[in-house]
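What follows is model06.tsv (TSV, C-alpha atoms).
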chain	number	residue	atom	x	y	z
A	8	MET	CA	-32.99	-57.66	-43.99
A	9	ASN	CA	-36.70	-57.42	-43.28
A	10	ARG	CA	-38.22	-54.28	-44.68
A	11	SER	CA	-40.14	-53.51	-41.54
A	12	SER	CA	-37.04	-53.75	-39.39
A	13	SER	CA	-34.92	-51.32	-41.39
A	14	LYS	CA	-35.12	-47.57	-41.25
A	15	ARG	CA	-37.24	-46.58	-44.24
A	16	PRO	CA	-36.76	-43.20	-45.89
A	17	SER	CA	-39.71	-40.89	-45.68
A	18	ARG	CA	-42.09	-40.86	-48.63
A	19	VAL	CA	-42.88	-37.21	-48.04
A	20	PRO	CA	-39.79	-35.62	-49.71
A	21	PRO	CA	-40.51	-36.91	-53.25
A	22	LEU	CA	-44.00	-35.48	-53.02
A	23	LEU	CA	-42.43	-32.03	-52.90
A	24	SER	CA	-41.69	-32.38	-56.60
A	25	LEU	CA	-45.36	-32.93	-57.34
A	26	LEU	CA	-46.47	-30.20	-54.93
A	27	PHE	CA	-45.28	-27.36	-57.12
A	28	LEU	CA	-47.04	-28.77	-60.17
A	29	SER	CA	-50.19	-29.55	-58.16
A	30	ILE	CA	-50.46	-25.95	-56.95
A	31	PHE	CA	-50.56	-24.75	-60.51
A	32	LEU	CA	-52.88	-27.56	-61.61
A	33	SER	CA	-55.50	-26.32	-59.17
A	34	THR	CA	-55.37	-22.75	-60.42
A	35	GLN	CA	-56.08	-20.92	-63.64
A	36	LEU	CA	-53.19	-21.33	-66.03
A	37	SER	CA	-52.47	-19.87	-69.40
A	38	ALA	CA	-51.89	-21.94	-72.49
A	39	ALA	CA	-48.31	-22.37	-73.56
A	40	THR	CA	-46.90	-19.72	-75.87
A	41	LYS	CA	-44.11	-20.00	-78.35
A	42	ILE	CA	-41.04	-21.11	-76.51
A	43	CYS	CA	-37.39	-20.22	-76.61
A	44	LEU	CA	-35.42	-23.42	-77.02
A	45	PRO	CA	-32.03	-24.73	-75.87
A	46	PHE	CA	-28.96	-23.58	-77.80
A	47	GLN	CA	-30.44	-22.23	-81.00
A	48	PRO	CA	-28.05	-22.65	-83.95
A	49	ILE	CA	-25.66	-19.72	-84.28
A	50	LYS	CA	-26.99	-18.58	-87.65
A	51	ARG	CA	-30.64	-18.77	-86.62
A	52	THR	CA	-32.64	-15.54	-86.69
A	53	TYR	CA	-34.39	-15.10	-83.37
A	54	SER	CA	-38.11	-14.36	-83.31
A	55	SER	CA	-39.16	-10.82	-82.49
A	56	ALA	CA	-41.37	-12.30	-79.77
A	57	ILE	CA	-38.27	-13.08	-77.76
A	58	ALA	CA	-37.21	-10.09	-75.72
A	59	THR	CA	-34.63	-11.60	-73.41
A	60	THR	CA	-32.67	-14.86	-73.48
A	61	ALA	CA	-29.96	-16.48	-71.37
A	62	MET	CA	-28.20	-19.77	-71.98
A	63	LEU	CA	-27.25	-21.71	-68.88
A	64	PRO	CA	-25.67	-25.14	-68.33
A	65	ILE	CA	-27.63	-27.51	-66.11
A	66	ARG	CA	-26.95	-30.85	-64.45
A	67	GLY	CA	-25.28	-33.39	-66.65
A	68	GLY	CA	-23.98	-30.90	-69.20
A	69	GLY	CA	-27.33	-29.89	-70.65
A	70	ALA	CA	-28.53	-26.37	-71.15
A	71	ALA	CA	-31.67	-24.34	-70.79
A	72	LYS	CA	-32.45	-21.13	-72.59
A	73	LEU	CA	-34.61	-18.92	-70.43
A	74	SER	CA	-36.86	-16.57	-72.31
A	75	LYS	CA	-39.24	-13.69	-71.97
A	76	THR	CA	-42.15	-13.58	-74.41
A	77	ALA	CA	-43.66	-10.34	-75.56
A	78	THR	CA	-47.30	-11.39	-75.32
A	79	TYR	CA	-49.40	-13.32	-72.82
A	80	SER	CA	-52.42	-15.46	-73.53
A	81	PRO	CA	-55.52	-15.29	-71.30
A	82	PRO	CA	-55.93	-17.77	-68.44
A	83	GLY	CA	-57.39	-21.15	-69.26
A	84	SER	CA	-58.99	-23.93	-67.24
A	85	ALA	CA	-57.01	-26.20	-64.96
A	86	ASN	CA	-57.31	-29.00	-67.52
A	87	THR	CA	-55.35	-26.86	-69.97
A	88	ILE	CA	-52.11	-27.50	-68.11
A	89	LEU	CA	-51.57	-31.05	-69.35
A	90	LYS	CA	-52.40	-30.05	-72.92
A	91	SER	CA	-50.09	-27.09	-72.48
A	92	PHE	CA	-47.23	-29.30	-71.34
A	93	TYR	CA	-47.85	-31.75	-74.17
A	94	GLN	CA	-48.02	-29.00	-76.77
A	95	THR	CA	-44.86	-27.39	-75.40
A	96	VAL	CA	-42.97	-30.64	-75.85
A	97	ILE	CA	-44.48	-31.30	-79.30
A	98	ASN	CA	-43.62	-27.81	-80.54
A	99	ALA	CA	-40.07	-28.25	-79.27
A	100	ARG	CA	-39.63	-31.86	-80.36
A	101	SER	CA	-36.81	-31.26	-82.85
A	102	HIS	CA	-34.89	-29.08	-80.41
A	103	LEU	CA	-35.55	-31.45	-77.51
A	104	ALA	CA	-34.40	-34.38	-79.65
A	105	ALA	CA	-31.15	-32.58	-80.41
A	106	ALA	CA	-30.79	-31.60	-76.75
A	107	ALA	CA	-31.45	-35.20	-75.65
A	108	ALA	CA	-28.76	-36.50	-78.00
A	109	ALA	CA	-26.31	-33.83	-76.83
A	110	ARG	CA	-27.16	-34.47	-73.20
A	111	ALA	CA	-26.66	-38.22	-73.56
A	112	ILE	CA	-23.29	-37.82	-75.29
A	113	SER	CA	-22.00	-35.26	-72.79
A	114	ILE	CA	-23.06	-37.45	-69.84
A	115	PHE	CA	-21.47	-40.55	-71.38
A	116	ALA	CA	-18.23	-38.76	-72.27
A	117	MET	CA	-17.77	-37.23	-68.82
A	118	TYR	CA	-19.17	-40.12	-66.76
A	119	PRO	CA	-15.74	-41.41	-65.61
A	120	ILE	CA	-15.04	-38.00	-64.04
A	121	ASP	CA	-18.36	-38.23	-62.19
A	122	THR	CA	-17.45	-41.71	-60.94
A	123	ILE	CA	-14.06	-40.49	-59.71
A	124	LYS	CA	-15.77	-37.62	-57.92
A	125	THR	CA	-18.17	-40.01	-56.16
A	126	ARG	CA	-15.29	-42.25	-55.06
A	127	MET	CA	-13.33	-39.26	-53.72
A	128	GLN	CA	-16.36	-37.97	-51.83
A	129	MET	CA	-16.81	-41.40	-50.26
A	130	LYS	CA	-13.10	-41.49	-49.34
A	131	GLN	CA	-12.50	-44.72	-51.22
A	132	GLY	CA	-8.84	-45.73	-51.47
A	133	ASP	CA	-8.11	-45.84	-55.19
A	134	ALA	CA	-10.48	-43.30	-56.70
A	135	PHE	CA	-8.65	-43.36	-60.05
A	136	ARG	CA	-8.81	-47.12	-60.67
A	137	MET	CA	-9.88	-47.91	-64.22
A	138	SER	CA	-12.33	-50.68	-63.41
A	139	GLY	CA	-15.96	-49.65	-62.97
A	140	LEU	CA	-15.64	-46.13	-64.37
A	141	TYR	CA	-18.83	-46.61	-66.41
A	142	THR	CA	-20.77	-48.59	-63.82
A	143	GLY	CA	-24.29	-47.17	-63.59
A	144	VAL	CA	-24.11	-45.08	-66.76
A	145	THR	CA	-27.27	-46.68	-68.21
A	146	GLY	CA	-29.32	-45.67	-65.18
A	147	SER	CA	-27.89	-42.18	-65.35
A	148	LEU	CA	-28.96	-41.79	-68.98
A	149	VAL	CA	-32.42	-43.19	-68.24
A	150	GLY	CA	-32.82	-40.59	-65.50
A	151	GLN	CA	-31.08	-37.58	-67.00
A	152	VAL	CA	-32.48	-37.47	-70.55
A	153	PRO	CA	-36.22	-37.55	-69.62
A	154	TYR	CA	-35.36	-35.22	-66.73
A	155	GLY	CA	-34.26	-32.63	-69.30
A	156	VAL	CA	-37.63	-32.83	-71.07
A	157	LEU	CA	-39.58	-32.68	-67.81
A	158	THR	CA	-37.70	-29.70	-66.41
A	159	PHE	CA	-37.94	-27.82	-69.71
A	160	GLY	CA	-41.69	-28.39	-70.06
A	161	SER	CA	-42.47	-27.56	-66.44
A	162	TYR	CA	-40.19	-24.50	-66.57
A	163	GLU	CA	-42.22	-23.11	-69.48
A	164	ILE	CA	-45.48	-23.71	-67.62
A	165	TYR	CA	-44.25	-22.13	-64.37
A	166	LYS	CA	-42.70	-19.19	-66.22
A	167	LYS	CA	-45.88	-18.44	-68.17
A	168	SER	CA	-48.13	-18.68	-65.10
A	169	LEU	CA	-45.82	-16.53	-62.94
A	170	LEU	CA	-45.50	-13.86	-65.63
A	171	ASN	CA	-49.28	-13.65	-65.88
A	172	ARG	CA	-49.81	-13.62	-62.12
A	173	PHE	CA	-47.03	-11.16	-61.27
A	174	PRO	CA	-46.69	-8.77	-64.23
A	175	ASN	CA	-44.94	-6.13	-62.12
A	176	VAL	CA	-42.17	-8.41	-60.88
A	177	LYS	CA	-38.84	-8.21	-62.71
A	178	PRO	CA	-38.79	-10.93	-65.40
A	179	ALA	CA	-35.27	-12.04	-64.41
A	180	PHE	CA	-36.59	-13.03	-60.97
A	181	ILE	CA	-39.51	-14.89	-62.57
A	182	TYR	CA	-37.15	-16.83	-64.83
A	183	ALA	CA	-34.94	-17.79	-61.91
A	184	LEU	CA	-37.89	-18.92	-59.79
A	185	ALA	CA	-39.42	-20.87	-62.68
A	186	ALA	CA	-36.08	-22.58	-63.35
A	187	ILE	CA	-35.77	-23.60	-59.69
A	188	MET	CA	-39.34	-24.91	-59.63
A	189	GLY	CA	-38.67	-26.82	-62.84
A	190	ASP	CA	-35.62	-28.42	-61.23
A	191	VAL	CA	-37.64	-29.41	-58.16
A	192	THR	CA	-40.36	-30.94	-60.33
A	193	GLY	CA	-37.82	-32.85	-62.41
A	194	SER	CA	-36.12	-34.15	-59.27
A	195	GLY	CA	-39.10	-36.41	-58.64
A	196	TRP	CA	-38.07	-38.36	-61.75
A	197	LEU	CA	-34.31	-37.96	-61.41
A	198	CYS	CA	-33.77	-39.00	-57.79
A	199	PRO	CA	-34.30	-42.78	-58.19
A	200	SER	CA	-31.78	-42.97	-61.04
A	201	GLU	CA	-29.31	-40.85	-59.06
A	202	VAL	CA	-29.60	-43.14	-56.03
A	203	MET	CA	-28.98	-46.22	-58.15
A	204	LYS	CA	-26.17	-44.56	-60.10
A	205	GLN	CA	-24.27	-43.46	-57.02
A	206	GLN	CA	-24.68	-46.75	-55.22
A	207	LEU	CA	-23.37	-48.52	-58.32
A	208	GLN	CA	-20.46	-46.08	-58.59
A	209	ALA	CA	-19.68	-46.74	-54.93
A	210	GLY	CA	-19.61	-50.49	-55.53
A	211	ILE	CA	-22.54	-51.21	-53.21
A	212	TYR	CA	-24.26	-53.19	-55.97
A	213	PRO	CA	-22.68	-54.93	-58.99
A	214	SER	CA	-25.42	-54.22	-61.52
A	215	MET	CA	-28.53	-52.13	-62.14
A	216	SER	CA	-30.86	-55.10	-61.64
A	217	GLU	CA	-29.19	-55.95	-58.33
A	218	ALA	CA	-29.45	-52.32	-57.24
A	219	ILE	CA	-33.18	-52.21	-57.99
A	220	LYS	CA	-33.84	-55.47	-56.13
A	221	GLY	CA	-31.60	-54.56	-53.22
A	222	ILE	CA	-33.00	-51.06	-52.69
A	223	TRP	CA	-36.58	-52.31	-52.98
A	224	LYS	CA	-36.01	-55.20	-50.58
A	225	LYS	CA	-34.39	-52.99	-47.98
A	226	SER	CA	-36.50	-49.84	-48.10
A	227	GLY	CA	-39.29	-50.14	-50.66
A	228	VAL	CA	-40.24	-47.15	-52.81
A	229	GLY	CA	-38.79	-44.76	-50.25
A	230	GLY	CA	-35.34	-46.24	-50.81
A	231	PHE	CA	-35.25	-44.81	-54.32
A	232	TYR	CA	-35.73	-41.33	-52.82
A	233	GLN	CA	-32.96	-41.68	-50.26
A	234	GLY	CA	-31.11	-38.37	-50.19
A	235	PHE	CA	-33.89	-36.49	-52.01
A	236	THR	CA	-33.61	-33.54	-49.64
A	237	GLY	CA	-29.84	-33.59	-50.08
A	238	GLY	CA	-30.34	-33.31	-53.83
A	239	LEU	CA	-32.63	-30.32	-53.41
A	240	ALA	CA	-30.24	-28.74	-50.91
A	241	ARG	CA	-27.57	-28.89	-53.62
A	242	ASP	CA	-29.58	-28.08	-56.73
A	243	VAL	CA	-31.49	-24.99	-55.57
A	244	PRO	CA	-28.40	-23.08	-54.34
A	245	PHE	CA	-26.52	-24.26	-57.44
A	246	ARG	CA	-29.21	-22.87	-59.71
A	247	VAL	CA	-29.34	-19.53	-57.86
A	248	ALA	CA	-25.55	-19.20	-57.93
A	249	GLN	CA	-25.45	-20.23	-61.57
A	250	LEU	CA	-28.07	-17.70	-62.68
A	251	THR	CA	-26.44	-14.89	-60.72
A	252	THR	CA	-22.90	-15.71	-61.84
A	253	PHE	CA	-23.99	-16.07	-65.45
A	254	GLU	CA	-25.55	-12.62	-65.47
A	255	VAL	CA	-22.45	-11.07	-63.88
A	256	THR	CA	-20.11	-12.88	-66.27
A	257	LYS	CA	-22.23	-11.93	-69.26
A	258	SER	CA	-22.38	-8.27	-68.20
A	259	LEU	CA	-18.60	-8.09	-67.70
A	260	TYR	CA	-17.93	-9.73	-71.04
A	261	LEU	CA	-20.38	-7.49	-72.89
A	262	GLY	CA	-18.89	-4.44	-71.18
A	263	ALA	CA	-15.41	-5.38	-72.38
A	264	LYS	CA	-16.75	-6.12	-75.85
A	265	ARG	CA	-18.58	-2.79	-76.09
A	266	SER	CA	-15.50	-0.86	-74.99
A	267	GLN	CA	-13.71	-2.15	-78.09
A	268	SER	CA	-16.58	-1.54	-80.50
A	269	SER	CA	-17.42	1.64	-82.37
A	270	ASP	CA	-21.12	0.74	-82.23
A	271	ALA	CA	-21.67	-0.31	-78.61
A	272	ASP	CA	-25.46	-0.52	-78.99
A	273	SER	CA	-25.22	-3.31	-81.58
A	274	VAL	CA	-22.94	-5.52	-79.48
A	275	SER	CA	-24.56	-8.75	-78.35
A	276	LEU	CA	-23.61	-12.17	-77.06
A	277	SER	CA	-23.31	-14.94	-79.65
A	278	ALA	CA	-24.43	-18.47	-78.85
A	279	LEU	CA	-20.82	-19.64	-78.54
A	280	GLU	CA	-19.92	-16.74	-76.25
A	281	ALA	CA	-22.99	-17.46	-74.13
A	282	ALA	CA	-21.89	-21.08	-73.83
A	283	VAL	CA	-18.43	-19.98	-72.65
A	284	CYS	CA	-19.98	-17.63	-70.07
A	285	GLY	CA	-22.30	-20.44	-69.01
A	286	ALA	CA	-19.39	-22.85	-68.59
A	287	ALA	CA	-17.55	-20.32	-66.43
A	288	ALA	CA	-20.66	-19.69	-64.33
A	289	GLY	CA	-21.32	-23.40	-63.96
A	290	SER	CA	-17.75	-24.16	-62.90
A	291	PHE	CA	-17.79	-21.44	-60.24
A	292	SER	CA	-21.20	-22.54	-58.97
A	293	ALA	CA	-20.04	-26.16	-58.85
A	294	ALA	CA	-17.08	-25.19	-56.67
A	295	ILE	CA	-19.04	-23.22	-54.08
A	296	THR	CA	-21.80	-25.85	-53.83
A	297	ASN	CA	-19.40	-28.81	-53.55
A	298	PRO	CA	-20.10	-29.20	-49.80
A	299	LEU	CA	-23.77	-29.72	-50.61
A	300	ASP	CA	-22.89	-32.13	-53.40
A	301	ARG	CA	-20.82	-34.24	-51.03
A	302	ILE	CA	-23.66	-34.28	-48.51
A	303	LYS	CA	-26.02	-35.43	-51.25
A	304	THR	CA	-23.60	-38.20	-52.31
A	305	LEU	CA	-23.18	-39.51	-48.77
A	306	MET	CA	-26.93	-39.41	-48.11
A	307	MET	CA	-27.67	-41.37	-51.30
A	308	THR	CA	-25.03	-44.01	-50.59
A	309	ASP	CA	-25.62	-44.30	-46.83
A	310	THR	CA	-27.06	-47.81	-46.47
A	311	THR	CA	-26.53	-48.01	-42.69
A	312	ASN	CA	-27.90	-44.59	-41.67
A	313	ALA	CA	-24.43	-43.60	-40.49
A	314	TYR	CA	-25.02	-39.99	-41.56
A	315	GLY	CA	-28.35	-39.50	-39.85
A	316	GLY	CA	-30.63	-39.27	-42.87
A	317	SER	CA	-30.78	-35.46	-42.96
A	318	VAL	CA	-28.72	-32.66	-44.48
A	319	MET	CA	-27.77	-31.12	-41.13
A	320	ALA	CA	-26.91	-34.47	-39.53
A	321	CYS	CA	-24.73	-35.41	-42.48
A	322	ALA	CA	-22.95	-32.03	-42.52
A	323	SER	CA	-22.31	-32.26	-38.77
A	324	LYS	CA	-20.78	-35.73	-39.06
A	325	ILE	CA	-18.51	-34.69	-41.94
A	326	ILE	CA	-17.21	-31.68	-40.00
A	327	LYS	CA	-16.82	-33.73	-36.80
A	328	ASP	CA	-14.90	-36.54	-38.52
A	329	GLU	CA	-12.93	-34.62	-41.16
A	330	GLY	CA	-13.15	-30.93	-40.34
A	331	LEU	CA	-14.24	-28.25	-42.81
A	332	PRO	CA	-11.90	-29.50	-45.57
A	333	GLY	CA	-13.98	-32.67	-45.66
A	334	LEU	CA	-16.83	-30.71	-47.21
A	335	PHE	CA	-14.69	-30.04	-50.29
A	336	ALA	CA	-13.75	-33.64	-51.06
A	337	GLY	CA	-14.11	-34.21	-54.81
A	338	VAL	CA	-14.20	-30.52	-55.70
A	339	VAL	CA	-11.60	-30.82	-58.48
A	340	PRO	CA	-13.42	-33.46	-60.57
A	341	ARG	CA	-16.75	-31.72	-59.88
A	342	VAL	CA	-15.48	-28.41	-61.25
A	343	GLY	CA	-13.60	-30.15	-64.05
A	344	TYR	CA	-16.80	-31.91	-65.11
A	345	ILE	CA	-18.84	-28.81	-65.91
A	346	ALA	CA	-16.94	-26.85	-68.58
A	347	PRO	CA	-16.15	-29.85	-70.85
A	348	SER	CA	-19.76	-31.03	-70.49
A	349	VAL	CA	-21.08	-27.69	-71.72
A	350	CYS	CA	-18.66	-27.68	-74.66
A	351	ILE	CA	-19.56	-31.25	-75.65
A	352	PHE	CA	-23.26	-30.46	-75.32
A	353	PHE	CA	-22.96	-27.30	-77.41
A	354	VAL	CA	-20.99	-28.88	-80.27
A	355	THR	CA	-23.24	-31.96	-80.37
A	356	TYR	CA	-26.43	-29.93	-80.22
A	357	GLU	CA	-25.34	-27.69	-83.10
A	358	PHE	CA	-24.28	-30.69	-85.18
A	359	VAL	CA	-27.56	-32.56	-84.64
A	360	GLN	CA	-29.61	-29.43	-85.30
A	361	GLN	CA	-27.81	-28.75	-88.55
A	362	LYS	CA	-28.32	-32.34	-89.68
A	363	MET	CA	-32.03	-32.16	-88.82
A	364	ASN	CA	-32.41	-28.84	-90.61
A	365	THR	CA	-30.67	-30.27	-93.69
A	366	SER	CA	-32.95	-33.31	-93.73
A	367	ASP	CA	-36.00	-31.01	-93.51
What is this structure when it is put down as structure tokens?
Amino acid sequence: MNRSSSKRPSRVPPLLSLLFLSIFLSTQLSAATKICLPFQPIKRTYSSAIATTAMLPIRGGGAAKLSKTATYSPPGSANTILKSFYQTVINARSHLAAAAAARAISIFAMYPIDTIKTRMQMKQGDAFRMSGLYTGVTGSLVGQVPYGVLTFGSYEIYKKSLLNRFPNVKPAFIYALAAIMGDVTGSGWLCPSEVMKQQLQAGIYPSMSEAIKGIWKKSGVGGFYQGFTGGLARDVPFRVAQLTTFEVTKSLYLGAKRSQSSDADSVSLSALEAAVCGAAAGSFSAAITNPLDRIKTLMMTDTTNAYGGSVMACASKIIKDEGLPGLFAGVVPRVGYIAPSVCIFFVTYEFVQQKMNTSD
């Protein structure tokens, strides 16, 4: 098909990812401070600079630890931001390496469940067929692992800048906003791999190379950002629900734990307990955002523009053709994906960290 004759996805949506970072690039930003890293080992003594932490599962079974630092550094020049990002990643390299390994293993282990979910959401006949369960896994890893580094680094930058700019705003709100902005920034990298992965899972293309050539020939660069708005429409509500549910779950668990302790003030959440709370929060959030996940899947695999190319048009067609239950297609494998992913990530991360600490 001639590229000019096909409906090309807009190139504007992917620029939204860069917009958030560009806003901060043009303003005065502070240098990066010491960071709180994903899933610290259980026996690690936390720095006194860390006042508040929360462990949360993110897409693909990874995790982010959101932190509040006790001190703020003075604003720097706009050029400081790139050095800040680089230094953040360098300072966290051992933790990010462990997180990357854990993320890759959790994605690979649970990938068949993700493929089954995609097939169910596309209403394919035999969703549980064994052939092709790992089709597209390479592209998923190429997208997801760097995505974890990008979202972590940008989250730290956004968090630091927002804390400096709005010192009177509750830190919990700042952390949530920074996490969402980090997700949006990372989506600029992740979306192309997600489009290819889902089209491979759906059987539209037989291989990664064919997917790249086919998408480029049909729609150019914009084809790799097909369904970008659908991804954002899923990820932002998921993150908000996840943060909120995690805090509620954590508070309820700590309340029950304190009621059974003689020294309630000393009761805290261990890393393992935080992971369990995070898995519960992630599973609940996955269930309630499944309609948005299905919309995102259909938008990314819609090669004939049958779903209108927008979130609202896609939602309307699903409801018209299948009724409200159609929005919850694939909810069981989506929910079943989260908790095991968090557990695999946690165990792998701790193992890799211990090995790295032993070698040091």
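The shell of residues at most 7 Å from stretch 300-308 of chain A, with all atoms listed in the file counted and near chain neighbours (fewer than 5 positions) removed, consists of Thr125, Gln128, Met129, Val202, Gln205, Gln206, Gln233, Gly234, Gly237, Gly238, Arg241, Tyr314, Gly316, Val318, Cys321, Ala322 and Leu334 of chain A.
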Work out how far apart atom CA of A:Thr192 and atom CA of A:Leu157 are and give it in Å to one decimal. 7.7 Å
Long-range neighbours of A:Gln131 as a VMD selection string, 12 Å cut-off, only C-alpha atoms, 5 positions minimum in chain: chain A and resid 122 to 126 136 208 to 210 336 to 337
Would you save the residues from that selection as a PDB file, in the coordinates of the input, using C-alpha atoms?
ATOM      1  CA  THR A 122     -17.450 -41.710 -60.940  1.00  0.00           C
ATOM      2  CA  ILE A 123     -14.060 -40.490 -59.710  1.00  0.00           C
ATOM      3  CA  LYS A 124     -15.770 -37.620 -57.920  1.00  0.00           C
ATOM      4  CA  THR A 125     -18.170 -40.010 -56.160  1.00  0.00           C
ATOM      5  CA  ARG A 126     -15.290 -42.250 -55.060  1.00  0.00           C
ATOM      6  CA  ARG A 136      -8.810 -47.120 -60.670  1.00  0.00           C
ATOM      7  CA  GLN A 208     -20.460 -46.080 -58.590  1.00  0.00           C
ATOM      8  CA  ALA A 209     -19.680 -46.740 -54.930  1.00  0.00           C
ATOM      9  CA  GLY A 210     -19.610 -50.490 -55.530  1.00  0.00           C
ATOM     10  CA  ALA A 336     -13.750 -33.640 -51.060  1.00  0.00           C
ATOM     11  CA  GLY A 337     -14.110 -34.210 -54.810  1.00  0.00           C
TER      12      GLY A 337
END
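Here atom CA of A:Ala294 stands at a distance of 21.4 Å from atom CA of A:Gln151.
For the pair atom CA of A:Val152 and atom CA of A:Ala108, the separation is 8.4 Å.
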From the set A:Val255, A:Cys198, A:Ala185, A:Val243, which residue has the shortest atom-to-atom contact distance to A:Phe231, counting only C-alpha atoms?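 Using only C-alpha atoms, the shortest distance to A:Phe231 belongs to A:Cys198.
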Nearby residues (all atoms listed in the file) at most 10 Å from A:Gly221, same-chain spacing under 4 positions excluded, as a list in words: Met8, Ile211, Tyr212, Met215, Ser216, Glu217, Lys225, Ser226, Gly227 and Gly230 of chain A
Write the residues you've just listed into a file as a short mmCIF file (atom, residue, chain, number, x, y, z; two decimals), in the frame of the given file, and include C-alpha atoms for each of them.
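Final file, out.cif:
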data_model
loop_
_atom_site.label_atom_id
_atom_site.label_comp_id
_atom_site.auth_asym_id
_atom_site.auth_seq_id
_atom_site.Cartn_x
_atom_site.Cartn_y
_atom_site.Cartn_z
CA MET A 8 -32.99 -57.66 -43.99
CA ILE A 211 -22.54 -51.21 -53.21
CA TYR A 212 -24.26 -53.19 -55.97
CA MET A 215 -28.53 -52.13 -62.14
CA SER A 216 -30.86 -55.10 -61.64
CA GLU A 217 -29.19 -55.95 -58.33
CA LYS A 225 -34.39 -52.99 -47.98
CA SER A 226 -36.50 -49.84 -48.10
CA GLY A 227 -39.29 -50.14 -50.66
CA GLY A 230 -35.34 -46.24 -50.81
#
Name the closest residue to A:His102 among the candidates A:Val156, A:Leu259, A:Met319, A:Leu331; distances are taken between atoms, counting only C-alpha atoms.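 When distances to A:His102 are compared using only C-alpha atoms, the smallest one comes from A:Val156.
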Pick from A:Ser273, A:Ser147, A:Ser317, A:Thr296 nearest to A:Phe235, counting only C-alpha atoms: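 Looking only at the distances to A:Phe235, the closest residue turns out to be A:Ser317.
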Looking at only C-alpha atoms, which of A:Ile120, A:Leu279, A:Val191, A:Val247 is the one that sits closest to A:Ile345?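 Closest candidate: A:Ile120.
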Selected residue, from A:Gly160, A:Pro174, A:Gly262, A:Gly333, that lies nearest to A:Ile88 when counting all atoms listed in the file: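 Once distances to A:Ile88 are computed over all atoms listed in the file, the minimum belongs to A:Gly160.
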For A:Leu250, which residue among A:Met363, A:Met188, A:Ala179, A:Lys264 is the nearest when counting only C-alpha atoms?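 Nearest to A:Leu250: A:Ala179.
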What would stretch 255-259 of chain A look like with all heavy atoms in place, written as a tab-separated table (two decimals), in the coordinates of the input?
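Output file part14.tsv is given in full below:
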chain	number	residue	atom	x	y	z
A	255	VAL	N	-23.62	-11.91	-64.15
A	255	VAL	CA	-22.45	-11.07	-63.88
A	255	VAL	C	-21.38	-11.29	-64.94
A	255	VAL	O	-20.81	-10.33	-65.48
A	255	VAL	CB	-21.88	-11.39	-62.48
A	255	VAL	CG1	-20.54	-10.68	-62.26
A	255	VAL	CG2	-22.87	-10.98	-61.39
A	256	THR	N	-21.11	-12.56	-65.26
A	256	THR	CA	-20.11	-12.88	-66.27
A	256	THR	C	-20.48	-12.30	-67.63
A	256	THR	O	-19.65	-11.73	-68.34
A	256	THR	CB	-19.94	-14.41	-66.40
A	256	THR	OG1	-19.63	-14.96	-65.12
A	256	THR	CG2	-18.83	-14.77	-67.38
A	257	LYS	N	-21.75	-12.45	-67.98
A	257	LYS	CA	-22.23	-11.93	-69.26
A	257	LYS	C	-22.10	-10.42	-69.32
A	257	LYS	O	-21.66	-9.85	-70.33
A	257	LYS	CB	-23.71	-12.33	-69.46
A	257	LYS	CG	-24.29	-11.89	-70.79
A	257	LYS	CD	-25.72	-12.35	-70.94
A	257	LYS	CE	-26.64	-11.57	-70.01
A	257	LYS	NZ	-28.07	-11.87	-70.26
A	258	SER	N	-22.46	-9.73	-68.24
A	258	SER	CA	-22.38	-8.27	-68.20
A	258	SER	C	-20.93	-7.80	-68.32
A	258	SER	O	-20.64	-6.83	-69.05
A	258	SER	CB	-22.99	-7.74	-66.89
A	258	SER	OG	-24.36	-8.06	-66.82
A	259	LEU	N	-20.01	-8.46	-67.62
A	259	LEU	CA	-18.60	-8.09	-67.70
A	259	LEU	C	-18.05	-8.32	-69.10
A	259	LEU	O	-17.31	-7.48	-69.64
A	259	LEU	CB	-17.79	-8.90	-66.68
A	259	LEU	CG	-18.03	-8.57	-65.20
A	259	LEU	CD1	-17.28	-9.56	-64.31
A	259	LEU	CD2	-17.60	-7.13	-64.88
